[in-house]
$ cat query.pdb   # PDB, C-alpha atoms
ATOM      1  CA  MET A   1       2.776  19.402  20.727  1.00  0.00           C
ATOM      2  CA  GLU A   2       4.836  18.043  17.826  1.00  0.00           C
ATOM      3  CA  LYS A   3       2.913  17.957  14.553  1.00  0.00           C
ATOM      4  CA  ARG A   4       2.138  14.481  13.301  1.00  0.00           C
ATOM      5  CA  PRO A   5       2.193  13.542   9.599  1.00  0.00           C
ATOM      6  CA  ASP A   6      -1.305  13.685   8.125  1.00  0.00           C
ATOM      7  CA  ALA A   7      -2.795  10.625   6.419  1.00  0.00           C
ATOM      8  CA  LEU A   8      -5.988  10.858   4.353  1.00  0.00           C
ATOM      9  CA  LEU A   9      -7.696   7.503   3.847  1.00  0.00           C
ATOM     10  CA  LEU A  10     -10.312   7.334   1.096  1.00  0.00           C
ATOM     11  CA  LYS A  11     -13.290   4.985   1.430  1.00  0.00           C
ATOM     12  CA  PHE A  12     -15.411   3.761  -1.492  1.00  0.00           C
ATOM     13  CA  PRO A  13     -18.644   1.775  -1.312  1.00  0.00           C
ATOM     14  CA  GLY A  14     -17.463  -1.767  -0.630  1.00  0.00           C
ATOM     15  CA  THR A  15     -14.143  -0.803   0.965  1.00  0.00           C
ATOM     16  CA  ASN A  16     -13.856  -2.978   4.072  1.00  0.00           C
ATOM     17  CA  CYS A  17     -10.282  -2.606   5.326  1.00  0.00           C
ATOM     18  CA  ASP A  18     -10.455   1.092   6.181  1.00  0.00           C
ATOM     19  CA  GLU A  19     -10.867   0.688   9.944  1.00  0.00           C
ATOM     20  CA  GLU A  20      -7.884  -1.659  10.271  1.00  0.00           C
ATOM     21  CA  THR A  21      -5.787   0.600   8.047  1.00  0.00           C
ATOM     22  CA  ALA A  22      -6.751   3.755   9.961  1.00  0.00           C
ATOM     23  CA  ARG A  23      -5.896   2.026  13.244  1.00  0.00           C
ATOM     24  CA  ALA A  24      -2.514   0.923  11.865  1.00  0.00           C
ATOM     25  CA  LEU A  25      -1.722   4.451  10.693  1.00  0.00           C
ATOM     26  CA  GLU A  26      -2.738   5.951  14.040  1.00  0.00           C
ATOM     27  CA  GLN A  27      -0.698   3.443  16.039  1.00  0.00           C
ATOM     28  CA  SER A  28       2.365   4.216  13.930  1.00  0.00           C
ATOM     29  CA  GLY A  29       2.062   7.956  14.614  1.00  0.00           C
ATOM     30  CA  PHE A  30      -0.094   9.496  11.875  1.00  0.00           C
ATOM     31  CA  ALA A  31      -3.011  11.866  12.335  1.00  0.00           C
ATOM     32  CA  VAL A  32      -5.676  10.082  10.273  1.00  0.00           C
ATOM     33  CA  GLU A  33      -8.931  11.103   8.632  1.00  0.00           C
ATOM     34  CA  THR A  34     -11.115   8.621   6.769  1.00  0.00           C
ATOM     35  CA  LEU A  35     -13.357  10.202   4.139  1.00  0.00           C
ATOM     36  CA  PRO A  36     -16.029   8.685   1.896  1.00  0.00           C
ATOM     37  CA  PHE A  37     -15.295   9.207  -1.790  1.00  0.00           C
ATOM     38  CA  SER A  38     -18.279  11.536  -2.089  1.00  0.00           C
ATOM     39  CA  LEU A  39     -16.710  13.986   0.402  1.00  0.00           C
ATOM     40  CA  ILE A  40     -13.137  14.173  -0.853  1.00  0.00           C
ATOM     41  CA  THR A  41     -12.089  17.566  -2.226  1.00  0.00           C
ATOM     42  CA  ALA A  42      -8.982  18.933  -3.873  1.00  0.00           C
ATOM     43  CA  ALA A  43      -8.547  21.327  -0.938  1.00  0.00           C
ATOM     44  CA  ARG A  44      -8.473  18.453   1.565  1.00  0.00           C
ATOM     45  CA  LEU A  45      -6.077  16.459  -0.583  1.00  0.00           C
ATOM     46  CA  ALA A  46      -3.673  19.402  -0.737  1.00  0.00           C
ATOM     47  CA  LYS A  47      -3.417  19.455   3.067  1.00  0.00           C
ATOM     48  CA  THR A  48      -2.346  15.845   3.521  1.00  0.00           C
ATOM     49  CA  ASP A  49       1.064  14.182   3.502  1.00  0.00           C
ATOM     50  CA  LEU A  50      -0.011  10.608   2.725  1.00  0.00           C
ATOM     51  CA  PHE A  51      -2.972   9.634   0.542  1.00  0.00           C
ATOM     52  CA  VAL A  52      -4.116   6.072   1.251  1.00  0.00           C
ATOM     53  CA  LEU A  53      -6.373   3.641  -0.596  1.00  0.00           C
ATOM     54  CA  SER A  54      -7.065   0.582   1.533  1.00  0.00           C
ATOM     55  CA  GLY A  55      -8.298  -2.851   0.512  1.00  0.00           C
ATOM     56  CA  GLY A  56     -11.744  -4.268   0.241  1.00  0.00           C
ATOM     57  CA  PHE A  57     -13.698  -4.774  -2.986  1.00  0.00           C
ATOM     58  CA  SER A  58     -14.577  -1.202  -3.975  1.00  0.00           C
ATOM     59  CA  TYR A  59     -17.996  -1.213  -5.652  1.00  0.00           C
ATOM     60  CA  GLY A  60     -18.036  -4.969  -5.139  1.00  0.00           C
ATOM     61  CA  ASP A  61     -15.419  -5.422  -7.889  1.00  0.00           C
ATOM     62  CA  TYR A  62     -18.419  -6.103 -10.119  1.00  0.00           C
ATOM     63  CA  VAL A  63     -16.715  -4.989 -13.347  1.00  0.00           C
ATOM     64  CA  MET A  64     -13.142  -5.844 -12.385  1.00  0.00           C
ATOM     65  CA  ALA A  65     -11.143  -5.206  -9.246  1.00  0.00           C
ATOM     66  CA  GLY A  66     -10.845  -1.477  -8.563  1.00  0.00           C
ATOM     67  CA  ARG A  67     -12.126  -0.438 -11.991  1.00  0.00           C
ATOM     68  CA  LEU A  68     -15.170   1.633 -10.966  1.00  0.00           C
ATOM     69  CA  ALA A  69     -13.235   3.303  -8.140  1.00  0.00           C
ATOM     70  CA  GLN A  70     -10.417   4.119 -10.542  1.00  0.00           C
ATOM     71  CA  LEU A  71     -12.778   5.700 -13.068  1.00  0.00           C
ATOM     72  CA  GLY A  72     -14.504   7.775 -10.385  1.00  0.00           C
ATOM     73  CA  LEU A  73     -11.265   8.917  -8.812  1.00  0.00           C
ATOM     74  CA  GLU A  74      -9.737   9.735 -12.182  1.00  0.00           C
ATOM     75  CA  HIS A  75     -12.747  11.874 -13.096  1.00  0.00           C
ATOM     76  CA  LYS A  76     -12.984  13.670  -9.763  1.00  0.00           C
ATOM     77  CA  LEU A  77      -9.359  14.126  -8.683  1.00  0.00           C
ATOM     78  CA  GLY A  78      -7.050  12.637 -11.298  1.00  0.00           C
ATOM     79  CA  ALA A  79      -5.248  15.887 -12.129  1.00  0.00           C
ATOM     80  CA  GLU A  80      -5.109  16.900  -8.473  1.00  0.00           C
ATOM     81  CA  LEU A  81      -3.614  13.548  -7.426  1.00  0.00           C
ATOM     82  CA  ARG A  82      -0.865  13.899 -10.015  1.00  0.00           C
ATOM     83  CA  ALA A  83      -0.180  17.453  -8.862  1.00  0.00           C
ATOM     84  CA  PHE A  84      -0.082  16.230  -5.252  1.00  0.00           C
ATOM     85  CA  HIS A  85       2.481  13.630  -6.260  1.00  0.00           C
ATOM     86  CA  ARG A  86       4.601  16.113  -8.225  1.00  0.00           C
ATOM     87  CA  GLY A  87       4.570  18.400  -5.188  1.00  0.00           C
ATOM     88  CA  GLY A  88       6.187  15.751  -2.999  1.00  0.00           C
ATOM     89  CA  GLY A  89       3.113  13.919  -1.687  1.00  0.00           C
ATOM     90  CA  TYR A  90       3.090  10.211  -0.863  1.00  0.00           C
ATOM     91  CA  LEU A  91       0.504   7.679  -2.069  1.00  0.00           C
ATOM     92  CA  LEU A  92      -0.145   4.168  -0.757  1.00  0.00           C
ATOM     93  CA  GLY A  93      -2.440   1.513  -2.207  1.00  0.00           C
ATOM     94  CA  ILE A  94      -3.066  -1.763  -0.385  1.00  0.00           C
ATOM     95  CA  CYS A  95      -4.702  -4.683  -2.240  1.00  0.00           C
ATOM     96  CA  ASN A  96      -7.739  -3.044  -3.917  1.00  0.00           C
ATOM     97  CA  GLY A  97      -5.970   0.288  -3.486  1.00  0.00           C
ATOM     98  CA  PHE A  98      -2.952  -1.127  -5.316  1.00  0.00           C
ATOM     99  CA  GLN A  99      -5.250  -2.163  -8.165  1.00  0.00           C
ATOM    100  CA  ILE A 100      -6.683   1.370  -8.328  1.00  0.00           C
ATOM    101  CA  LEU A 101      -3.295   3.115  -8.336  1.00  0.00           C
ATOM    102  CA  MET A 102      -1.968   0.705 -10.947  1.00  0.00           C
ATOM    103  CA  ARG A 103      -4.915   1.327 -13.272  1.00  0.00           C
ATOM    104  CA  MET A 104      -4.537   5.081 -12.845  1.00  0.00           C
ATOM    105  CA  GLY A 105      -0.971   4.873 -14.117  1.00  0.00           C
ATOM    106  CA  LEU A 106       0.510   6.224 -10.899  1.00  0.00           C
ATOM    107  CA  LEU A 107       2.776   3.179 -10.686  1.00  0.00           C
ATOM    108  CA  PRO A 108       5.044   1.616 -13.330  1.00  0.00           C
ATOM    109  CA  GLU A 109       3.239  -0.078 -16.216  1.00  0.00           C
ATOM    110  CA  GLY A 110       1.497  -3.319 -15.377  1.00  0.00           C
ATOM    111  CA  SER A 111      -1.815  -4.810 -14.343  1.00  0.00           C
ATOM    112  CA  LEU A 112      -3.338  -7.001 -11.651  1.00  0.00           C
ATOM    113  CA  ILE A 113      -5.438  -9.877 -12.924  1.00  0.00           C
ATOM    114  CA  GLY A 114      -6.981 -13.112 -11.668  1.00  0.00           C
ATOM    115  CA  ASN A 115      -4.818 -15.532  -9.702  1.00  0.00           C
ATOM    116  CA  THR A 116      -3.541 -18.444 -11.770  1.00  0.00           C
ATOM    117  CA  GLY A 117      -5.459 -20.810  -9.504  1.00  0.00           C
ATOM    118  CA  GLY A 118      -8.707 -19.070 -10.403  1.00  0.00           C
ATOM    119  CA  ARG A 119      -9.755 -18.701  -6.773  1.00  0.00           C
ATOM    120  CA  PHE A 120      -9.771 -16.194  -3.939  1.00  0.00           C
ATOM    121  CA  MET A 121      -6.777 -16.707  -1.647  1.00  0.00           C
ATOM    122  CA  CYS A 122      -6.690 -15.829   2.047  1.00  0.00           C
ATOM    123  CA  ARG A 123      -3.546 -16.915   3.874  1.00  0.00           C
ATOM    124  CA  TRP A 124      -0.195 -15.771   5.210  1.00  0.00           C
ATOM    125  CA  SER A 125       2.630 -15.301   2.745  1.00  0.00           C
ATOM    126  CA  THR A 126       6.385 -14.995   3.176  1.00  0.00           C
ATOM    127  CA  LEU A 127       7.750 -11.954   1.361  1.00  0.00           C
ATOM    128  CA  ARG A 128      11.248 -11.130   0.202  1.00  0.00           C
ATOM    129  CA  ARG A 129      12.440  -7.555   0.426  1.00  0.00           C
ATOM    130  CA  THR A 130      14.346  -6.847  -2.792  1.00  0.00           C
ATOM    131  CA  ALA A 131      14.684  -3.065  -3.203  1.00  0.00           C
ATOM    132  CA  ALA A 132      17.834  -1.688  -1.623  1.00  0.00           C
ATOM    133  CA  ALA A 133      16.286   1.759  -1.307  1.00  0.00           C
ATOM    134  CA  SER A 134      12.651   2.195  -0.285  1.00  0.00           C
ATOM    135  CA  PRO A 135      11.362   4.550   2.417  1.00  0.00           C
ATOM    136  CA  TRP A 136       8.463   2.139   2.977  1.00  0.00           C
ATOM    137  CA  LEU A 137      10.597  -0.797   4.092  1.00  0.00           C
ATOM    138  CA  ASN A 138      13.180   0.576   6.528  1.00  0.00           C
ATOM    139  CA  GLY A 139      13.578  -1.754   9.482  1.00  0.00           C
ATOM    140  CA  LEU A 140      12.025  -4.773   7.783  1.00  0.00           C
ATOM    141  CA  PRO A 141      14.163  -7.918   7.469  1.00  0.00           C
ATOM    142  CA  ASP A 142      15.070  -9.564   4.177  1.00  0.00           C
ATOM    143  CA  GLU A 143      12.169 -12.004   4.678  1.00  0.00           C
ATOM    144  CA  PHE A 144       8.966 -11.466   6.660  1.00  0.00           C
ATOM    145  CA  GLU A 145       5.276 -12.330   6.578  1.00  0.00           C
ATOM    146  CA  PHE A 146       2.072 -10.448   5.757  1.00  0.00           C
ATOM    147  CA  PRO A 147      -1.403 -11.889   5.175  1.00  0.00           C
ATOM    148  CA  ILE A 148      -2.853 -11.885   1.658  1.00  0.00           C
ATOM    149  CA  ALA A 149      -6.545 -11.898   0.661  1.00  0.00           C
ATOM    150  CA  HIS A 150      -7.316 -11.461  -3.041  1.00  0.00           C
ATOM    151  CA  ALA A 151      -8.745 -13.049  -6.170  1.00  0.00           C
ATOM    152  CA  GLU A 152      -7.196 -10.608  -8.665  1.00  0.00           C
ATOM    153  CA  GLY A 153      -3.702 -10.094  -7.316  1.00  0.00           C
ATOM    154  CA  ARG A 154      -1.531 -11.563 -10.046  1.00  0.00           C
ATOM    155  CA  PHE A 155       0.871  -8.863 -11.246  1.00  0.00           C
ATOM    156  CA  VAL A 156       1.591  -8.950 -14.987  1.00  0.00           C
ATOM    157  CA  ALA A 157       3.538  -6.586 -17.235  1.00  0.00           C
ATOM    158  CA  PRO A 158       4.583  -6.395 -20.901  1.00  0.00           C
ATOM    159  CA  PRO A 159       7.469  -8.755 -21.794  1.00  0.00           C
ATOM    160  CA  GLY A 160      10.690  -7.911 -20.002  1.00  0.00           C
ATOM    161  CA  LEU A 161       9.297  -5.159 -17.787  1.00  0.00           C
ATOM    162  CA  ALA A 162       8.767  -7.233 -14.642  1.00  0.00           C
ATOM    163  CA  ARG A 163      12.397  -8.373 -14.701  1.00  0.00           C
ATOM    164  CA  LYS A 164      13.456  -4.758 -15.242  1.00  0.00           C
ATOM    165  CA  TYR A 165      11.395  -3.694 -12.208  1.00  0.00           C
ATOM    166  CA  VAL A 166      13.183  -6.259 -10.049  1.00  0.00           C
ATOM    167  CA  GLU A 167      16.586  -5.152 -11.301  1.00  0.00           C
ATOM    168  CA  ASN A 168      16.044  -1.386 -10.981  1.00  0.00           C
ATOM    169  CA  GLY A 169      14.290  -1.369  -7.597  1.00  0.00           C
ATOM    170  CA  ASN A 170      10.708  -0.661  -8.692  1.00  0.00           C
ATOM    171  CA  ALA A 171       9.729  -4.129  -7.492  1.00  0.00           C
ATOM    172  CA  THR A 172      10.181  -3.891  -3.746  1.00  0.00           C
ATOM    173  CA  LEU A 173       8.537  -7.091  -2.499  1.00  0.00           C
ATOM    174  CA  LEU A 174       8.481 -10.583  -4.006  1.00  0.00           C
ATOM    175  CA  TYR A 175       6.543 -13.634  -2.883  1.00  0.00           C
ATOM    176  CA  LYS A 176       8.907 -16.331  -1.630  1.00  0.00           C
ATOM    177  CA  ASP A 177       6.393 -18.864  -2.936  1.00  0.00           C
ATOM    178  CA  ASN A 178       4.656 -17.387  -5.968  1.00  0.00           C
ATOM    179  CA  LEU A 179       1.147 -18.175  -4.761  1.00  0.00           C
ATOM    180  CA  ASN A 180      -0.823 -16.242  -7.381  1.00  0.00           C
ATOM    181  CA  GLY A 181       1.434 -16.585 -10.420  1.00  0.00           C
ATOM    182  CA  SER A 182       2.690 -12.985 -10.570  1.00  0.00           C
ATOM    183  CA  ASP A 183       5.398 -12.135 -13.096  1.00  0.00           C
ATOM    184  CA  GLU A 184       8.739 -12.436 -11.293  1.00  0.00           C
ATOM    185  CA  ALA A 185       6.694 -13.192  -8.134  1.00  0.00           C
ATOM    186  CA  ILE A 186       6.099  -9.450  -7.629  1.00  0.00           C
ATOM    187  CA  ALA A 187       4.003  -8.607  -4.558  1.00  0.00           C
ATOM    188  CA  GLY A 188       4.736  -4.880  -4.204  1.00  0.00           C
ATOM    189  CA  ILE A 189       6.035  -2.087  -6.398  1.00  0.00           C
ATOM    190  CA  GLN A 190       7.065   1.573  -6.119  1.00  0.00           C
ATOM    191  CA  ASP A 191       7.424   4.345  -8.674  1.00  0.00           C
ATOM    192  CA  ASP A 192      10.735   5.955  -9.612  1.00  0.00           C
ATOM    193  CA  THR A 193      10.333   8.696  -6.985  1.00  0.00           C
ATOM    194  CA  ARG A 194       9.694   6.037  -4.303  1.00  0.00           C
ATOM    195  CA  ARG A 195       6.743   8.120  -3.086  1.00  0.00           C
ATOM    196  CA  VAL A 196       4.023   5.892  -4.615  1.00  0.00           C
ATOM    197  CA  PHE A 197       3.798   2.360  -3.280  1.00  0.00           C
ATOM    198  CA  GLY A 198       1.374  -0.464  -3.976  1.00  0.00           C
ATOM    199  CA  LEU A 199       1.224  -3.968  -2.547  1.00  0.00           C
ATOM    200  CA  MET A 200      -1.227  -6.848  -2.541  1.00  0.00           C
ATOM    201  CA  PRO A 201      -0.457  -8.167   0.986  1.00  0.00           C
ATOM    202  CA  HIS A 202      -2.113  -6.521   3.998  1.00  0.00           C
ATOM    203  CA  PRO A 203       0.356  -4.904   6.433  1.00  0.00           C
ATOM    204  CA  GLU A 204      -2.556  -3.477   8.453  1.00  0.00           C
ATOM    205  CA  ARG A 205      -3.445  -7.014   9.547  1.00  0.00           C
ATOM    206  CA  PHE A 206      -0.135  -7.577  11.310  1.00  0.00           C
ATOM    207  CA  ILE A 207       0.367  -4.571  13.588  1.00  0.00           C
ATOM    208  CA  THR A 208       0.750  -6.449  16.869  1.00  0.00           C
ATOM    209  CA  ARG A 209       2.508  -9.702  17.671  1.00  0.00           C
ATOM    210  CA  GLU A 210      -0.801 -11.160  18.828  1.00  0.00           C
ATOM    211  CA  GLN A 211      -2.147 -11.012  15.260  1.00  0.00           C
ATOM    212  CA  HIS A 212       0.354 -13.635  14.115  1.00  0.00           C
ATOM    213  CA  TYR A 213      -0.972 -17.166  13.676  1.00  0.00           C
ATOM    214  CA  ASP A 214       1.776 -18.493  15.962  1.00  0.00           C
ATOM    215  CA  ARG A 215       0.861 -17.414  19.488  1.00  0.00           C
ATOM    216  CA  ASP A 216       4.525 -17.665  20.468  1.00  0.00           C
ATOM    217  CA  TRP A 217       5.834 -15.501  17.606  1.00  0.00           C
ATOM    218  CA  SER A 218       8.476 -13.089  18.907  1.00  0.00           C
ATOM    219  CA  GLY A 219      10.227 -11.863  15.780  1.00  0.00           C
ATOM    220  CA  ALA A 220       9.897  -8.187  16.732  1.00  0.00           C
ATOM    221  CA  PRO A 221       8.388  -5.993  19.476  1.00  0.00           C
ATOM    222  CA  ASN A 222       5.433  -5.308  17.151  1.00  0.00           C
ATOM    223  CA  GLY A 223       4.056  -6.978  14.041  1.00  0.00           C
ATOM    224  CA  TRP A 224       5.910  -6.310  10.790  1.00  0.00           C
ATOM    225  CA  GLY A 225       3.007  -4.186   9.585  1.00  0.00           C
ATOM    226  CA  TYR A 226       3.785  -1.663  12.308  1.00  0.00           C
ATOM    227  CA  THR A 227       7.362  -1.465  11.024  1.00  0.00           C
ATOM    228  CA  PHE A 228       6.053  -0.857   7.500  1.00  0.00           C
ATOM    229  CA  PHE A 229       3.809   2.056   8.512  1.00  0.00           C
ATOM    230  CA  ARG A 230       6.356   3.465  10.929  1.00  0.00           C
ATOM    231  CA  SER A 231       8.963   3.479   8.175  1.00  0.00           C
ATOM    232  CA  ILE A 232       6.942   5.790   5.945  1.00  0.00           C
ATOM    233  CA  HIS A 233       5.852   7.855   8.949  1.00  0.00           C
ATOM    234  CA  ASP A 234       9.486   8.597   9.757  1.00  0.00           C
ATOM    235  CA  GLU A 235      10.293   9.359   6.111  1.00  0.00           C
ATOM    236  CA  ILE A 236       7.429  11.840   5.819  1.00  0.00           C
ATOM    237  CA  ALA A 237       8.307  13.455   9.144  1.00  0.00           C
ATOM    238  CA  ARG A 238      11.835  13.979   7.826  1.00  0.00           C
ATOM    239  CA  THR A 239      11.079  15.082   4.254  1.00  0.00           C
ATOM    240  CA  ARG A 240       7.829  17.046   4.559  1.00  0.00           C
ATOM    241  CA  LEU A 241       7.431  18.163   8.142  1.00  0.00           C
ATOM    242  CA  GLY A 242      11.155  18.664   8.596  1.00  0.00           C
ATOM    243  CA  ALA A 243      11.361  20.756   5.429  1.00  0.00           C
ATOM    244  CA  ALA A 244       8.367  22.842   6.506  1.00  0.00           C
ATOM    245  CA  ALA A 245       9.874  23.457   9.941  1.00  0.00           C
ATOM    246  CA  SER A 246      13.173  24.602   8.435  1.00  0.00           C
ATOM    247  CA  THR A 247      11.399  27.356   6.467  1.00  0.00           C
ATOM    248  CA  THR A 248       9.512  28.816   9.445  1.00  0.00           C
TER     249      THR A 248
END
$ encode --input "query.pdb" --output "structure tokens"
Amino acid sequence: MEKRPDALLLKFPGTNCDEETARALEQSGFAVETLPFSLITAARLAKTDLFVLSGGFSYGDYVMAGRLAQLGLEHKLGAELRAFHRGGGYLLGICNGFQILMRMGLLPEGSLIGNTGGRFMCRWSTLRRTAAASPWLNGLPDEFEFPIAHAEGRFVAPPGLARKYVENGNATLLYKDNLNGSDEAIAGIQDDTRRVFGLMPHPERFITREQHYDRDWSGAPNGWGYTFFRSIHDEIARTRLGAAASTT
């Protein structure tokens, strides 16, 4: 049997999108294990191809979104995560996971703060694909939809940096309508290696066509979230599993 890329999904107290994310990863071809934060080890991290932080109010976001999870992860596995990344590993943060990765400095400098409207937003959003080169977005059209659900999803950066991210390809996704007031309407961002990706919208909530609000939607054989996860699946199969096979 052909080896499938391995995805390790970390769950904190309060995380509530792990089941949908695990299902999306499995349907797109990954072998998936979901682990509570208390059980994650450096040895298990070293065996994975894709490290995933899903959405869902870790620790209730009682201090600020993702802050307690970020501090715990930094203390327990911060050095190991950076070594995993340097060794060619991939990291994905969705919504709360994006907030955690951003605060750990694993993505280009910036922060995610309260929406300009001051309220939690839960709706569908049209996104614009802007990065010419991103292994996470192969097969996605120039414009597509994902749901959003956040209160602290407004991306901000020091003066001039957000524009630079759009111009150099770090900013991969922009909101067509800037619903939360993000600098340059940024909805998703990748690091310079293109192996770390964070986004506020929820691709795991649009895996099948039936999950679209329009019952007659027929834009693709599957939901655009499936295309998103399948894109990185194929990239990892080529770069990590393919490289390993060529050395055996």
$ closest_residue --input "query.pdb" --among "A:Arg128, A:Lys47, A:Arg23, A:His85" --to "Val196 (chain A)" --atoms "all atoms listed in the file"
A:His85
$ residues_around --input "query.pdb" --residues "Gly14 (chain A)" --least-positions-apart "4" --cutoff "6 Å" --atoms "only C-alpha atoms" --output "PyMOL selection string"
chain A and resi 57-60
$ resolve_selection --input "query.pdb" --expression "the PyMOL selection byres ((chain A and resi 200-217) around 7)" --output "PDB file with C-alpha atoms, in the coordinates of the input"
ATOM      1  CA  GLU A  20      -7.884  -1.659  10.271  1.00  0.00           C
ATOM      2  CA  THR A  21      -5.787   0.600   8.047  1.00  0.00           C
ATOM      3  CA  ALA A  24      -2.514   0.923  11.865  1.00  0.00           C
ATOM      4  CA  ILE A  94      -3.066  -1.763  -0.385  1.00  0.00           C
ATOM      5  CA  CYS A  95      -4.702  -4.683  -2.240  1.00  0.00           C
ATOM      6  CA  PHE A  98      -2.952  -1.127  -5.316  1.00  0.00           C
ATOM      7  CA  PHE A 146       2.072 -10.448   5.757  1.00  0.00           C
ATOM      8  CA  PRO A 147      -1.403 -11.889   5.175  1.00  0.00           C
ATOM      9  CA  ILE A 148      -2.853 -11.885   1.658  1.00  0.00           C
ATOM     10  CA  GLY A 153      -3.702 -10.094  -7.316  1.00  0.00           C
ATOM     11  CA  ALA A 187       4.003  -8.607  -4.558  1.00  0.00           C
ATOM     12  CA  GLY A 188       4.736  -4.880  -4.204  1.00  0.00           C
ATOM     13  CA  LEU A 199       1.224  -3.968  -2.547  1.00  0.00           C
ATOM     14  CA  SER A 218       8.476 -13.089  18.907  1.00  0.00           C
ATOM     15  CA  GLY A 219      10.227 -11.863  15.780  1.00  0.00           C
ATOM     16  CA  ASN A 222       5.433  -5.308  17.151  1.00  0.00           C
ATOM     17  CA  GLY A 223       4.056  -6.978  14.041  1.00  0.00           C
ATOM     18  CA  TRP A 224       5.910  -6.310  10.790  1.00  0.00           C
ATOM     19  CA  GLY A 225       3.007  -4.186   9.585  1.00  0.00           C
ATOM     20  CA  TYR A 226       3.785  -1.663  12.308  1.00  0.00           C
TER      21      TYR A 226
END
$ resolve_selection --input "query.pdb" --expression "the PyMOL selection byres ((chain A and resi 34) around 6)" --output "list in words"
Leu9, Leu10, Glu33 and Leu35 of chain A
$ residues_around --input "query.pdb" --residues "region 154-157 of chain A" --least-positions-apart "3" --cutoff "9 Å" --atoms "all atoms listed in the file" --output "list in words"
Glu109, Gly110, Ser111, Leu112, Ile113, Gly114, Asn115, Thr116, Ala151, Gly160, Leu161, Ala162, Leu179, Asn180, Gly181, Ser182, Asp183, Glu184, Ala185, Ile186, Ala187, Gly188 and Met200 of chain A
$ resolve_selection --input "query.pdb" --expression "the PyMOL selection byres ((chain A and resi 191) around 12)" --output "number ranges by chain"
A: 85, 90-92, 101-102, 105-110, 131, 133-136, 165, 168-172, 188-190, 192-198
$ residues_around --input "query.pdb" --residues "Gly139 (chain A)" --least-positions-apart "6" --cutoff "8 Å" --atoms "only C-alpha atoms" --output "ChimeraX atom specification"
/A:227-228,231
$ atom_distance --input "query.pdb" --atom1 "CA of Leu241 (chain A)" --atom2 "CA of Pro5 (chain A)"
7.1 Å
$ atom_distance --input "query.pdb" --atom1 "CA of Glu145 (chain A)" --atom2 "CA of Arg123 (chain A)"
10.3 Å
$ atom_distance --input "query.pdb" --atom1 "CA of Leu8 (chain A)" --atom2 "CA of Phe51 (chain A)"
5.0 Å
$ closest_residue --input "query.pdb" --among "A:Asn96, A:Thr126, A:Thr41, A:Thr48" --to "Leu68 (chain A)" --atoms "all atoms listed in the file"
A:Asn96
$ closest_residue --input "query.pdb" --among "A:Val166, A:Ala79, A:Leu173, A:Ala149" --to "Gly56 (chain A)" --atoms "only C-alpha atoms"
A:Ala149
$ residues_near_point --input "query.pdb" --point "(-3.3, 14.1, -7.2)" --cutoff "10 Å" --atoms "all atoms listed in the file" --output "PDB file with C-alpha atoms, keeping the file's coordinate frame"
ATOM      1  CA  ALA A  42      -8.982  18.933  -3.873  1.00  0.00           C
ATOM      2  CA  LEU A  45      -6.077  16.459  -0.583  1.00  0.00           C
ATOM      3  CA  ALA A  46      -3.673  19.402  -0.737  1.00  0.00           C
ATOM      4  CA  PHE A  51      -2.972   9.634   0.542  1.00  0.00           C
ATOM      5  CA  LEU A  73     -11.265   8.917  -8.812  1.00  0.00           C
ATOM      6  CA  GLU A  74      -9.737   9.735 -12.182  1.00  0.00           C
ATOM      7  CA  LEU A  77      -9.359  14.126  -8.683  1.00  0.00           C
ATOM      8  CA  GLY A  78      -7.050  12.637 -11.298  1.00  0.00           C
ATOM      9  CA  ALA A  79      -5.248  15.887 -12.129  1.00  0.00           C
ATOM     10  CA  GLU A  80      -5.109  16.900  -8.473  1.00  0.00           C
ATOM     11  CA  LEU A  81      -3.614  13.548  -7.426  1.00  0.00           C
ATOM     12  CA  ARG A  82      -0.865  13.899 -10.015  1.00  0.00           C
ATOM     13  CA  ALA A  83      -0.180  17.453  -8.862  1.00  0.00           C
ATOM     14  CA  PHE A  84      -0.082  16.230  -5.252  1.00  0.00           C
ATOM     15  CA  HIS A  85       2.481  13.630  -6.260  1.00  0.00           C
ATOM     16  CA  ARG A  86       4.601  16.113  -8.225  1.00  0.00           C
ATOM     17  CA  GLY A  87       4.570  18.400  -5.188  1.00  0.00           C
ATOM     18  CA  GLY A  89       3.113  13.919  -1.687  1.00  0.00           C
ATOM     19  CA  TYR A  90       3.090  10.211  -0.863  1.00  0.00           C
ATOM     20  CA  LEU A  91       0.504   7.679  -2.069  1.00  0.00           C
ATOM     21  CA  LEU A 106       0.510   6.224 -10.899  1.00  0.00           C
TER      22      LEU A 106
END
$ residues_around --input "query.pdb" --residues "Ala31 (chain A)" --least-positions-apart "3" --cutoff "9 Å" --atoms "all atoms listed in the file" --output "number ranges by chain"
A: 3-8, 25-26
